[in-house]
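Undergrad: Okay, so here is input-v8.cif, and as you'll see once you scroll down, it has mmCIF, C-alpha atoms.
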```
data_coords
loop_
_atom_site.group_PDB
_atom_site.id
_atom_site.type_symbol
_atom_site.label_atom_id
_atom_site.label_comp_id
_atom_site.auth_asym_id
_atom_site.auth_seq_id
_atom_site.Cartn_x
_atom_site.Cartn_y
_atom_site.Cartn_z
ATOM 1 C CA MET A 249 0.192 19.771 34.924
ATOM 2 C CA SER A 250 3.707 21.092 34.391
ATOM 3 C CA TYR A 251 5.800 20.282 31.343
ATOM 4 C CA GLN A 252 8.006 17.983 33.430
ATOM 5 C CA ASP A 253 4.929 16.166 34.759
ATOM 6 C CA PHE A 254 3.747 15.691 31.198
ATOM 7 C CA LEU A 255 7.095 14.177 30.161
ATOM 8 C CA SER A 256 7.005 11.775 33.097
ATOM 9 C CA HIS A 257 3.645 10.322 31.989
ATOM 10 C CA TYR A 258 3.573 10.733 28.184
ATOM 11 C CA ASP A 259 6.050 10.375 25.360
ATOM 12 C CA GLY A 260 4.085 12.236 22.686
ATOM 13 C CA CYS A 261 0.804 13.786 21.625
ATOM 14 C CA GLY A 262 -1.249 14.033 18.473
ATOM 15 C CA VAL A 263 -4.271 15.714 16.924
ATOM 16 C CA VAL A 264 -7.393 13.626 16.330
ATOM 17 C CA PHE A 265 -9.646 14.483 13.371
ATOM 18 C CA PHE A 266 -13.179 13.134 13.666
ATOM 19 C CA SER A 267 -16.761 13.943 12.733
ATOM 20 C CA GLU A 268 -20.001 12.101 13.413
ATOM 21 C CA LYS A 269 -20.857 12.603 9.730
ATOM 22 C CA TRP A 270 -17.880 10.620 8.443
ATOM 23 C CA ALA A 271 -18.300 7.273 6.753
ATOM 24 C CA GLU A 272 -16.214 4.637 8.479
ATOM 25 C CA SER A 273 -15.219 0.991 8.438
ATOM 26 C CA ARG A 274 -13.223 -1.000 10.990
ATOM 27 C CA THR A 275 -12.093 -4.414 9.785
ATOM 28 C CA ALA A 276 -10.453 -7.007 12.021
ATOM 29 C CA ILE A 277 -7.552 -8.791 10.295
ATOM 30 C CA GLN A 278 -5.310 -11.633 11.401
ATOM 31 C CA THR A 279 -1.841 -11.601 9.865
ATOM 32 C CA SER A 280 -0.693 -14.596 7.859
ATOM 33 C CA ASP A 281 2.761 -16.092 7.391
ATOM 34 C CA ASP A 282 3.067 -14.318 4.044
ATOM 35 C CA VAL A 283 4.307 -10.816 3.282
ATOM 36 C CA LEU A 284 0.932 -9.804 1.858
ATOM 37 C CA SER A 285 -1.401 -10.470 4.790
ATOM 38 C CA ALA A 286 -4.702 -9.059 3.543
ATOM 39 C CA VAL A 287 -6.390 -6.926 0.900
ATOM 40 C CA LEU A 288 -9.633 -5.066 1.506
ATOM 41 C CA GLU A 289 -11.836 -3.740 -1.271
ATOM 42 C CA PHE A 290 -13.794 -0.639 -0.266
ATOM 43 C CA GLU A 291 -16.131 1.773 -2.001
ATOM 44 C CA VAL A 292 -16.253 5.575 -1.979
ATOM 45 C CA GLU A 293 -19.760 6.897 -2.686
ATOM 46 C CA ALA A 294 -18.873 10.592 -3.062
ATOM 47 C CA GLU A 295 -15.690 12.632 -3.428
ATOM 48 C CA ALA A 296 -13.974 12.388 -0.055
ATOM 49 C CA ASP A 297 -11.065 13.351 2.141
ATOM 50 C CA ALA A 298 -9.756 10.063 3.494
ATOM 51 C CA PHE A 299 -7.863 8.831 6.551
ATOM 52 C CA PHE A 300 -6.394 5.313 6.657
ATOM 53 C CA THR A 301 -5.136 3.621 9.832
ATOM 54 C CA LEU A 302 -3.573 0.232 10.497
ATOM 55 C CA MET A 303 -3.680 -0.586 14.210
ATOM 56 C CA GLN A 304 -1.968 -3.166 16.411
ATOM 57 C CA ARG A 305 -2.918 -4.127 19.939
ATOM 58 C CA ASP A 306 -1.550 -1.585 22.421
ATOM 59 C CA THR A 307 1.466 -3.059 24.214
ATOM 60 C CA ARG A 308 0.317 -1.397 27.454
ATOM 61 C CA ILE A 309 -2.505 -3.935 27.587
ATOM 62 C CA LYS A 310 -1.649 -6.943 29.733
ATOM 63 C CA ASN A 311 -0.243 -9.905 27.748
ATOM 64 C CA ALA A 312 -0.197 -7.914 24.503
ATOM 65 C CA PRO A 313 2.598 -9.075 22.153
ATOM 66 C CA PRO A 314 5.313 -6.651 20.996
ATOM 67 C CA TYR A 315 4.622 -4.595 17.886
ATOM 68 C CA ILE A 316 5.700 -6.045 14.540
ATOM 69 C CA GLU A 317 6.750 -4.217 11.385
ATOM 70 C CA LEU A 318 3.757 -3.591 9.141
ATOM 71 C CA ALA A 319 2.950 -1.370 6.191
ATOM 72 C CA PHE A 320 -0.034 -0.703 3.965
ATOM 73 C CA ALA A 321 -0.823 0.804 0.581
ATOM 74 C CA VAL A 322 -3.976 2.020 -1.159
ATOM 75 C CA TYR A 323 -4.615 1.394 -4.870
ATOM 76 C CA GLY A 324 -7.342 2.549 -7.217
ATOM 77 C CA PRO A 325 -9.793 3.384 -8.411
ATOM 78 C CA LEU A 326 -10.605 -0.041 -9.857
ATOM 79 C CA ASP A 327 -11.636 -0.426 -13.471
ATOM 80 C CA ARG A 328 -14.590 -2.560 -14.581
ATOM 81 C CA HIS A 329 -12.369 -5.660 -14.430
ATOM 82 C CA GLY A 330 -11.426 -4.977 -10.807
ATOM 83 C CA ARG A 331 -7.910 -3.795 -11.644
ATOM 84 C CA PRO A 332 -6.467 -0.741 -9.842
ATOM 85 C CA GLU A 333 -5.376 2.212 -11.977
ATOM 86 C CA ARG A 334 -2.425 3.148 -9.756
ATOM 87 C CA GLU A 335 -0.935 3.194 -6.280
ATOM 88 C CA LEU A 336 -2.333 6.217 -4.424
ATOM 89 C CA LEU A 337 -0.313 6.096 -1.215
ATOM 90 C CA ARG A 338 1.899 3.917 0.920
ATOM 91 C CA SER A 339 2.665 4.044 4.618
ATOM 92 C CA HIS A 340 5.970 3.725 6.431
ATOM 93 C CA CYS A 341 6.998 0.201 7.374
ATOM 94 C CA TRP A 342 7.160 0.596 11.158
ATOM 95 C CA SER A 343 6.650 -1.437 14.310
ATOM 96 C CA ALA A 344 4.171 0.918 15.967
ATOM 97 C CA ARG A 345 0.700 0.870 17.478
ATOM 98 C CA GLU A 346 -0.770 2.656 14.486
ATOM 99 C CA LEU A 347 0.188 3.755 10.996
ATOM 100 C CA VAL A 348 -1.839 6.665 9.575
ATOM 101 C CA GLU A 349 -1.942 8.134 6.062
ATOM 102 C CA GLU A 350 -4.338 10.630 4.479
ATOM 103 C CA ARG A 351 -5.626 11.948 1.149
ATOM 104 C CA LEU A 352 -6.903 15.504 1.476
ATOM 105 C CA GLY A 353 -7.858 18.543 -0.590
ATOM 106 C CA ALA A 354 -6.700 18.247 -4.196
ATOM 107 C CA ASN A 355 -5.869 14.584 -3.550
ATOM 108 C CA LYS A 356 -9.384 13.597 -2.475
ATOM 109 C CA LEU A 357 -10.643 10.157 -3.452
ATOM 110 C CA LYS A 358 -13.075 10.071 -6.353
ATOM 111 C CA PRO A 359 -16.192 7.897 -6.246
ATOM 112 C CA GLY A 360 -15.329 4.296 -7.022
ATOM 113 C CA LYS A 361 -13.815 1.141 -5.575
ATOM 114 C CA TYR A 362 -10.314 0.869 -4.108
ATOM 115 C CA LEU A 363 -7.925 -1.637 -2.524
ATOM 116 C CA PHE A 364 -6.262 -1.420 0.914
ATOM 117 C CA ALA A 365 -3.327 -3.869 1.084
ATOM 118 C CA VAL A 366 -1.569 -4.889 4.319
ATOM 119 C CA PHE A 367 2.106 -5.939 4.181
ATOM 120 C CA ASN A 368 3.856 -8.048 6.826
ATOM 121 C CA PRO A 369 7.579 -8.197 5.844
ATOM 122 C CA ASP A 370 8.665 -10.476 8.699
ATOM 123 C CA LYS A 371 5.810 -12.923 7.970
ATOM 124 C CA VAL A 372 4.623 -12.944 11.585
ATOM 125 C CA GLY A 373 1.378 -14.901 11.611
ATOM 126 C CA ARG A 374 -1.720 -14.923 13.819
ATOM 127 C CA ARG A 375 -1.490 -11.320 15.019
ATOM 128 C CA ASP A 376 -4.813 -9.533 15.452
ATOM 129 C CA ILE A 377 -4.754 -6.091 13.819
ATOM 130 C CA ALA A 378 -7.393 -3.713 12.488
ATOM 131 C CA ALA A 379 -7.746 -1.584 9.365
ATOM 132 C CA VAL A 380 -9.714 1.654 9.790
ATOM 133 C CA ILE A 381 -11.005 3.668 6.814
ATOM 134 C CA GLN A 382 -12.622 7.068 7.485
ATOM 135 C CA LEU A 383 -14.133 9.168 4.695
ATOM 136 C CA ASP A 384 -15.338 12.758 4.852
ATOM 137 C CA GLU A 385 -17.638 12.510 1.843
ATOM 138 C CA ASN A 386 -18.731 15.803 0.329
ATOM 139 C CA GLY A 387 -22.438 16.416 0.648
ATOM 140 C CA LYS A 388 -23.111 13.429 2.917
ATOM 141 C CA GLU A 389 -25.001 14.711 5.950
ATOM 142 C CA HIS A 390 -25.378 11.434 7.816
ATOM 143 C CA ARG A 391 -22.927 8.865 9.100
ATOM 144 C CA HIS A 392 -22.823 5.488 7.355
ATOM 145 C CA ASP A 393 -20.567 2.477 7.085
ATOM 146 C CA VAL A 394 -17.979 2.228 4.330
ATOM 147 C CA SER A 395 -18.581 -0.887 2.279
ATOM 148 C CA ALA A 396 -15.387 -2.916 2.819
ATOM 149 C CA THR A 397 -14.844 -6.615 2.110
ATOM 150 C CA GLN A 398 -11.764 -8.800 2.320
ATOM 151 C CA ARG A 399 -10.528 -9.886 -1.100
ATOM 152 C CA ARG A 400 -9.074 -13.319 -1.880
ATOM 153 C CA LEU A 401 -5.390 -13.242 -2.718
ATOM 154 C CA ASP A 402 -3.544 -14.893 -5.552
ATOM 155 C CA VAL A 403 0.046 -14.264 -4.585
ATOM 156 C CA CYS A 404 2.628 -14.961 -7.251
ATOM 157 C CA CYS A 405 5.862 -13.415 -6.066
ATOM 158 C CA SER A 406 8.034 -12.768 -3.052
ATOM 159 C CA ALA A 407 8.783 -9.427 -1.438
ATOM 160 C CA GLY A 408 11.534 -7.126 -2.489
ATOM 161 C CA PRO A 409 13.466 -4.794 -0.175
ATOM 162 C CA ASP A 410 10.846 -2.046 -0.309
ATOM 163 C CA LEU A 411 7.202 -2.262 0.721
ATOM 164 C CA PRO A 412 4.598 -2.416 -0.648
ATOM 165 C CA SER A 413 6.137 -5.115 -2.803
ATOM 166 C CA HIS A 414 5.415 -6.240 -6.338
ATOM 167 C CA ARG A 415 2.385 -8.523 -6.160
ATOM 168 C CA ARG A 416 -0.538 -9.695 -8.246
ATOM 169 C CA LEU A 417 -4.011 -9.694 -6.774
ATOM 170 C CA GLU A 418 -6.678 -11.884 -8.282
ATOM 171 C CA GLY A 419 -7.768 -10.299 -11.563
ATOM 172 C CA ALA A 420 -5.170 -7.539 -11.355
ATOM 173 C CA VAL A 421 -1.953 -6.711 -13.138
ATOM 174 C CA VAL A 422 1.522 -6.476 -11.656
ATOM 175 C CA ARG A 423 2.707 -2.897 -11.466
ATOM 176 C CA CYS A 424 6.400 -2.370 -10.730
ATOM 177 C CA SER A 425 7.744 0.923 -9.431
ATOM 178 C CA ALA A 426 11.290 2.067 -8.759
ATOM 179 C CA SER A 427 13.155 5.168 -7.749
ATOM 180 C CA SER A 428 16.741 6.339 -8.061
ATOM 181 C CA GLY A 429 18.449 9.364 -6.603
ATOM 182 C CA VAL A 430 19.878 11.996 -8.919
ATOM 183 C CA GLU A 431 22.256 13.698 -6.506
ATOM 184 C CA VAL A 432 24.906 10.986 -6.369
ATOM 185 C CA SER A 433 28.613 10.797 -7.052
ATOM 186 C CA THR A 434 30.376 7.787 -8.679
ATOM 187 C CA GLU A 435 27.621 5.487 -7.420
ATOM 188 C CA GLU A 436 25.604 2.891 -9.291
ATOM 189 C CA CYS A 437 21.984 3.617 -10.148
ATOM 190 C CA PRO A 438 19.364 1.374 -11.787
ATOM 191 C CA ASP A 439 19.556 1.255 -15.596
ATOM 192 C CA ALA A 440 17.100 -1.496 -16.625
ATOM 193 C CA GLN A 441 14.884 -4.246 -15.229
ATOM 194 C CA ASP A 442 14.800 -7.651 -16.927
ATOM 195 C CA PHE A 443 11.544 -9.599 -16.477
ATOM 196 C CA SER A 444 12.537 -12.650 -18.568
ATOM 197 C CA SER A 445 12.470 -14.882 -15.462
ATOM 198 C CA CYS A 446 8.698 -14.351 -15.137
ATOM 199 C CA SER A 447 6.403 -17.159 -16.244
ATOM 200 C CA GLY A 448 2.735 -16.778 -17.053
ATOM 201 C CA LEU A 449 3.154 -12.975 -17.168
ATOM 202 C CA SER A 450 3.893 -10.631 -20.063
ATOM 203 C CA VAL A 451 5.177 -7.062 -20.086
ATOM 204 C CA VAL A 452 2.619 -4.659 -21.571
ATOM 205 C CA ASP A 453 3.842 -2.238 -24.244
ATOM 206 C CA PRO A 454 2.629 1.195 -23.002
ATOM 207 C CA ARG A 455 2.202 2.466 -26.589
ATOM 208 C CA SER A 456 0.353 -0.380 -28.276
ATOM 209 C CA GLY A 457 -1.130 -2.194 -25.283
ATOM 210 C CA GLY A 458 0.265 -5.457 -26.689
ATOM 211 C CA ARG A 459 3.189 -7.507 -25.504
ATOM 212 C CA GLY A 460 6.327 -5.525 -24.846
ATOM 213 C CA ASP A 461 10.024 -6.270 -24.498
ATOM 214 C CA LYS A 462 11.092 -8.268 -21.430
ATOM 215 C CA THR A 463 13.776 -5.667 -20.614
ATOM 216 C CA VAL A 464 12.578 -2.215 -19.583
ATOM 217 C CA LYS A 465 14.750 0.877 -19.196
ATOM 218 C CA VAL A 466 14.430 2.496 -15.762
ATOM 219 C CA GLY A 467 16.231 5.826 -16.062
ATOM 220 C CA LEU A 468 16.885 8.386 -13.370
ATOM 221 C CA SER A 469 13.991 9.787 -11.359
ATOM 222 C CA SER A 470 13.697 11.919 -8.244
ATOM 223 C CA GLY A 471 10.791 9.812 -6.991
ATOM 224 C CA MET A 472 8.743 6.685 -7.536
ATOM 225 C CA LYS A 473 7.658 6.024 -11.097
ATOM 226 C CA LEU A 474 5.980 3.188 -12.959
ATOM 227 C CA VAL A 475 8.592 0.954 -14.589
ATOM 228 C CA ALA A 476 6.446 -1.753 -16.137
ATOM 229 C CA GLU A 477 3.007 -3.255 -16.177
ATOM 230 C CA LEU A 478 2.638 -7.019 -16.502
ATOM 231 C CA GLU A 479 -0.534 -8.937 -17.220
ATOM 232 C CA PRO A 480 -1.350 -12.669 -16.908
ATOM 233 C CA ASP A 481 -1.130 -14.785 -20.040
ATOM 234 C CA PRO A 482 -4.689 -16.002 -20.773
ATOM 235 C CA ASN A 483 -3.698 -19.684 -21.059
ATOM 236 C CA ALA A 484 -1.304 -19.828 -18.108
ATOM 237 C CA GLU A 485 -2.272 -21.993 -15.152
ATOM 238 C CA GLN A 486 0.562 -20.910 -12.867
ATOM 239 C CA PHE A 487 2.377 -17.634 -12.407
ATOM 240 C CA SER A 488 5.755 -16.691 -11.040
ATOM 241 C CA PHE A 489 7.387 -13.303 -10.839
ATOM 242 C CA GLY A 490 11.037 -12.340 -10.845
ATOM 243 C CA TYR A 491 13.352 -9.698 -12.236
ATOM 244 C CA ARG A 492 16.985 -8.679 -12.493
ATOM 245 C CA ILE A 493 18.210 -5.102 -12.231
ATOM 246 C CA SER A 494 21.220 -3.868 -14.205
ATOM 247 C CA TYR A 495 23.100 -0.814 -13.003
ATOM 248 C CA LYS A 496 25.240 1.913 -14.461
ATOM 249 C CA GLU A 497 27.602 4.387 -12.887
ATOM 250 C CA SER A 498 26.037 7.777 -12.147
ATOM 251 C CA SER A 499 27.941 11.059 -12.120
ATOM 252 C CA ARG A 500 27.158 14.003 -9.876
ATOM 253 C CA ARG A 501 24.394 16.369 -11.039
#
```
Take the structure from the file and write it as structure tokens.
TA:
Amino acid sequence: MSYQDFLSHYDGCGVVFFSEKWAESRTAIQTSDDVLSAVLEFEVEAEADAFFTLMQRDTRIKNAPPYIELAFAVYGPLDRHGRPERELLRSHCWSARELVEERLGANKLKPGKYLFAVFNPDKVGRRDIAAVIQLDENGKEHRHDVSATQRRLDVCCSAGPDLPSHRRLEGAVVRCSASSGVEVSTEECPDAQDFSSCSGLSVVDPRSGGRGDKTVKVGLSSGMKLVAELEPDPNAEQFSFGYRISYKESSRR
């Protein structure tokens, strides 16, 4: 086949990584009319390179609907209360057949439990998608299924402009991240986030572990960083989440 023939039949190519020894799970998911469509809890038995894929039905299949914008993120490992330590990765938010992210080499997953969260920013419901988790677990010489179960959601906030958004899963804390560019000229950059509009949630003081101030300084950062951690008040029956961002003028650096 000539190069021109290839271009007339295909619009791209990719490399597929696969081994019969890998642990794997494929979970069918139906999107809901909420931004956070699903959360899977999965377990890693041994230190592993990991590949994560979120798949939509191929539009070349007859009667398949058009692709919708989706994104996913992976959090963990979970502590003994089922709370994730941190966000490990996030995908692009694209309307595409598949979204793929990986954790390899020095970023391998440690043994433990993790969360795979699916985000649906346009709130398109009743779309059949699939989440695929593939683990190359060190020392495992036989293929086995990854233990993955769908986790019940307790959603207490609405999505922000970036995905994954700020959300609380059942038994978990809210973790808020932000980023601001440092190479700017006479532009506004985030200065502080005010969480006083939250109800049923308290900001955690990172030094004492107790309740912290409702206003948290953001500061300049070249990438994503943790701004605040909020935890449910033990006597609260309902939760709501909101925040205001104050800005300051940034000079060129």
Undergrad: Translate the PyMOL selection byres ((chain A and resi 459) around 12), as applied to the file shown, into an explicit residue set as a count of residues only.
TA: 20
Undergrad: Mind pulling up the distance from atom CA of Gln278 of chain A to atom CA of Asp297 of chain A?
TA: 27.3 Å
Undergrad: Suppose you want the space between atom CA of Glu291 of chain A and atom CA of Tyr362 of chain A; what is it in Å?
TA: 6.3 Å
Undergrad: Write out as a ChimeraX atom specification which residues come within 7 Å of Val348 of chain A when counting all atoms listed in the file, dropping same-chain ones fewer than 6 positions away.
TA: /A:300-302
Undergrad: What is the distance between atom CA of Val466 of chain A and atom CA of Gln441 of chain A, in Å to one decimal?
TA: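 For atom CA of Val466 of chain A relative to atom CA of Gln441 of chain A, the distance reads 6.8 Å.
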Undergrad: When you count all atoms listed in the file, which of these residues is closest to His329 of chain A: A:Glu385, A:Lys361, A:Phe443, A:Cys341?
TA: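 Distance minimum relative to His329 of chain A lands on A:Lys361.
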Undergrad: Could you tell me which residues the PyMOL selection byres ((chain A and resi 315-319) around 6) returns for this structure, as a PyMOL selection string?
TA: chain A and resi 314+320+339-344+367-368
Undergrad: List the residues selected by the PyMOL selection byres ((chain A and resi 284) around 8) in the file shown, writing them as a ChimeraX atom specification.
TA: /A:280,282-283,285-287,365-369,403
Undergrad: For each of A:Ala396, A:Ile377, A:Ile493, A:Ala276, take the minimum atom-to-atom distance to Ser444 of chain A, counting all atoms listed in the file, then give the residue where this is smallest.
TA: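 With all atoms listed in the file as the atom set, the closest residue is A:Ile493.
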Undergrad: With distances taken over all atoms listed in the file, which of A:Val292, A:Met303, A:Ala312, A:Val394 is nearest to Lys356 of chain A?
TA: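 With all atoms listed in the file as the atom set, the closest residue is A:Val292.
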Undergrad: Of the candidates A:Leu474, A:Ala378, A:Glu350, A:Val372, which one gets nearest to Arg334 of chain A if we count all atoms listed in the file?
TA: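 Closest to Arg334 of chain A of all the choices is A:Leu474.
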Undergrad: Select, from A:Asp384, A:Ala298, A:Glu272, A:Gly360, the residue with the minimum atom-to-atom distance to Asp327 of chain A, counting only C-alpha atoms.
TA: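 Looking at the shortest contact to Asp327 of chain A, the residue is A:Gly360.
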Undergrad: Taking into account only C-alpha atoms, which residue in the set A:Arg492, A:Lys358, A:Arg338, A:Arg351 is nearest to Phe299 of chain A?
TA: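 Under the stated criterion, the closest residue is A:Arg351.
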